[in-house]
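J.: Could you have a look at this structure, given as structure tokens, before my questions?
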Amino acid sequence: MKLSLSSHHQLLLDALINPSTLTQYTYAQWELLLRLARKVKLLGFLAVELERRKLLDTIPVRVVSQLRSSLIRANKQQQLAFWELDRINWALKSIRVPIIVLKGVAYQLAKLPTAEGRFFVDLDILVPKDDLDQVEKALLKEGWKHREISAYDEHYYRAWSHEIPALIHQERETEIDIHHTISPITSKIKIDSRLLIDAAIASQSGHKILNPTDMALHCVVNLFQNNDLVDNLRDLLDLHDQLQYFASHDSAFWNKLIERANQLRLGHSLYYGMQYSRLIFQTAIPENTEQRLIQKPSVVSQLIMRQLVPLALFPLHPDKASKRAKFARFLLYLRSHWIRMPFYLLIPHLLYKTMLRFKPGK
């Protein structure tokens, strides 16, 4: 299967796969690249890759300034996220609850290559559902608070979602998302979070993170089950990074990954994750590995997704957005809701979201 990309998508992909080519970019190409990379939160990644290769002195000074600025900002966000994690541990010291760090901060704790230069919007943690109430109360007591949201959104989080409404510290204004599983309660796939928590491992700092197979599976769940894929190229790059890194450190990784995906019934998501990681980032995945998955998408679904996914993952051209790409994103938006919610909940939910678009505040 060959990937066919527009010129601006190829410009971005070339920069990500082979940063050495950036020394040949014109000012016009750099201007477009910076806008595209900023949209998918990969400016910090480009800055780190160029710095590693000692190529920052070979590109325009104005570009270097923007890249260095993005790296400073990323480092500051990471510093804030780790301080927030320290404060959460302090706030919860009186209750014995396993806390599993997820996503970006977990990637940093695992020392994954793409974690450096990564922008952190918030801090994500996973706790057992039975302990969720006491964790929330303990954090509210120690200075965190919920954002003001509608009664509908409050119900959505409490009854249907895999996380509670975000908590923000009143002084630091840093945000934490507390999960009790990794996929919405209403999703067709029910994931037993106890299996993830029991298999979690300790990082070098002592913080608990998901084990390598579960971390990769969480990444594909976020991509192909929880989200609509819009501008999520960074998450696919994370998956590529994880697959390469974990496989290089464990010769049995691929077998473990397939076995775990079959156990958790996450074959559909992993199949798509491996397929597009190989297609876009040329990930070295052993041939026919995904064929061992018990659950796989149908041929028709694969053909449809093949037309839609790249258009959603890559950012729209900032000056001339493609109508085809916008339509693909709309279809994937509907798909993301369809696989997360049963029909009797989906229709009222979409009607509610539509009403808000036309009558904000109602």
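FYI, nothing fancy with the structure tokens labels: chains A, B, ... in order, residues from 1 per chain, ligands from 1 as they appear.
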Excluding A:Ala159 and any residue of its chain fewer than 3 positions from it, enumerate the residues within 12 Å of it, using only C-alpha atoms, and give them as a ChimeraX atom specification.

T.: /A:151-156,162-165,184-186,341,345

J.: Just list the residues in stretch 129-279 of chain A DSSP gives alpha helix (DSSP H) on the backbone, as a ChimeraX atom specification.

T.: /A:132-141,151-155,193-198,212-221,233-249,253-264,267-279

J.: Produce a table with one row for each residue of stretch 124-227 of chain A that has an atom at most 12 Å from any atom of stretch 276-284 of chain A, each row naming the nearest atom pair and its distance in Å at one decimal; use only C-alpha atoms; arrange rows by chain and rising residue number; format as JSON lines.

T.:
```
{"residue": "A:Ala216", "atom": "CA", "partner": "A:Ser277", "partner_atom": "CA", "distance": 11.8}
{"residue": "A:Cys219", "atom": "CA", "partner": "A:Ser277", "partner_atom": "CA", "distance": 11.7}
{"residue": "A:Val220", "atom": "CA", "partner": "A:Ser277", "partner_atom": "CA", "distance": 10.2}
{"residue": "A:Leu223", "atom": "CA", "partner": "A:Tyr276", "partner_atom": "CA", "distance": 10.8}
{"residue": "A:Phe224", "atom": "CA", "partner": "A:Tyr276", "partner_atom": "CA", "distance": 10.7}
```

J.: Name the closest residue to A:Trp83 among the candidates A:Arg335, A:Ile182, A:His169, A:Gln263; distances are taken between atoms, counting only C-alpha atoms.

T.: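 For A:Trp83, the nearest of the candidates is A:His169.
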
J.: Please provide as a list of chain:residue names all residues within 10 Å of A:Tyr245, with the sequence filter that same-chain residues fewer than 3 positions apart are discarded (counting only C-alpha atoms).

T.: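 In the requested form, the answer reads A:Lys111, A:Leu112, A:Pro113, A:Pro212, A:Leu239, A:His240, A:Asp241, A:Gln242, A:Ser248, A:His249, A:Asp250.
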
J.: Got a sec: who's within 10 Å of A:Gly117, counting only C-alpha atoms, leaving out chain neighbours fewer than 4 positions off, as a list in words?

T.: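 Answer for this query is Lys41, Leu42, Leu43, Gly44, Phe45, Leu46, Ala47, Val48, Glu49, Ser70, Leu71, Ile72, Arg73, Ala74, Asn75, Lys76, Gln77, Gln78, Gln108 and Pro113 of chain A.
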
J.: Which polymer residues have any atom within 10 Å of an atom of A:Gln307, counting only C-alpha atoms, with same-chain residues fewer than 6 positions away left out, as number ranges by chain?

T.: A: 4, 325, 328

J.: Using only C-alpha atoms, can you tell me which of A:Leu233, A:Leu266, A:Ile209, A:Met215 comes closest to A:Phe246?

T.: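 Distance minimum relative to A:Phe246 lands on A:Met215.
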
J.: Between A:Lys54, A:Gln134, A:Gln225, A:Lys323, which has the minimum distance to A:Ser187 (counting only C-alpha atoms)?

T.: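 Result for the nearest residue to A:Ser187: A:Gln225.
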
J.: Could you give me, as a list in words, the residues within 9 Å of stretch 173-175 of chain A, counting only C-alpha atoms and dropping anything in the same chain fewer than 3 positions from it?

T.: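 Counting only the stated atoms, we get Leu80, Ala81, Glu84, Val121, Asp122, Leu123, Asp124, Trp144, Ala166, Leu167, Ile168, His169 and Gln170 of chain A.
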
J.: Can you write just those residues out, N, CA and C atoms, as a PDB file, in the first residue's frame?

T.:
```
ATOM      1  N   LEU A  80       6.653  22.099  34.744  1.00  0.00           N
ATOM      2  CA  LEU A  80       5.397  22.328  35.467  1.00  0.00           C
ATOM      3  C   LEU A  80       4.624  21.029  35.664  1.00  0.00           C
ATOM      4  N   ALA A  81       4.625  20.170  34.647  1.00  0.00           N
ATOM      5  CA  ALA A  81       3.900  18.902  34.731  1.00  0.00           C
ATOM      6  C   ALA A  81       4.502  17.999  35.805  1.00  0.00           C
ATOM      7  N   GLU A  84       3.632  19.283  39.179  1.00  0.00           N
ATOM      8  CA  GLU A  84       2.240  18.954  39.480  1.00  0.00           C
ATOM      9  C   GLU A  84       2.125  17.495  39.928  1.00  0.00           C
ATOM     10  N   VAL A 121       0.055  19.683  27.631  1.00  0.00           N
ATOM     11  CA  VAL A 121      -1.121  20.515  27.887  1.00  0.00           C
ATOM     12  C   VAL A 121      -1.632  20.263  29.297  1.00  0.00           C
ATOM     13  N   ASP A 122      -1.565  19.014  29.745  1.00  0.00           N
ATOM     14  CA  ASP A 122      -2.061  18.652  31.071  1.00  0.00           C
ATOM     15  C   ASP A 122      -1.321  17.418  31.563  1.00  0.00           C
ATOM     16  N   LEU A 123      -1.711  16.958  32.725  1.00  0.00           N
ATOM     17  CA  LEU A 123      -1.142  15.746  33.311  1.00  0.00           C
ATOM     18  C   LEU A 123      -2.252  14.712  33.424  1.00  0.00           C
ATOM     19  N   ASP A 124      -2.003  13.507  32.930  1.00  0.00           N
ATOM     20  CA  ASP A 124      -3.004  12.443  32.957  1.00  0.00           C
ATOM     21  C   ASP A 124      -2.561  11.335  33.903  1.00  0.00           C
ATOM     22  N   TRP A 144      -7.186  21.915  44.498  1.00  0.00           N
ATOM     23  CA  TRP A 144      -7.633  21.767  43.120  1.00  0.00           C
ATOM     24  C   TRP A 144      -9.138  22.041  43.039  1.00  0.00           C
ATOM     25  N   ALA A 166     -12.005  17.614  34.430  1.00  0.00           N
ATOM     26  CA  ALA A 166     -10.629  18.002  34.740  1.00  0.00           C
ATOM     27  C   ALA A 166     -10.551  18.814  36.034  1.00  0.00           C
ATOM     28  N   LEU A 167      -9.431  18.646  36.724  1.00  0.00           N
ATOM     29  CA  LEU A 167      -9.158  19.416  37.932  1.00  0.00           C
ATOM     30  C   LEU A 167      -8.045  20.414  37.644  1.00  0.00           C
ATOM     31  N   ILE A 168      -8.218  21.643  38.122  1.00  0.00           N
ATOM     32  CA  ILE A 168      -7.229  22.705  37.920  1.00  0.00           C
ATOM     33  C   ILE A 168      -6.813  23.243  39.280  1.00  0.00           C
ATOM     34  N   HIS A 169      -5.521  23.400  39.488  1.00  0.00           N
ATOM     35  CA  HIS A 169      -5.073  23.948  40.760  1.00  0.00           C
ATOM     36  C   HIS A 169      -5.368  25.439  40.805  1.00  0.00           C
ATOM     37  N   GLN A 170      -5.865  25.908  41.923  1.00  0.00           N
ATOM     38  CA  GLN A 170      -6.320  27.294  42.034  1.00  0.00           C
ATOM     39  C   GLN A 170      -5.195  28.304  41.924  1.00  0.00           C
TER      40      GLN A 170
END
```
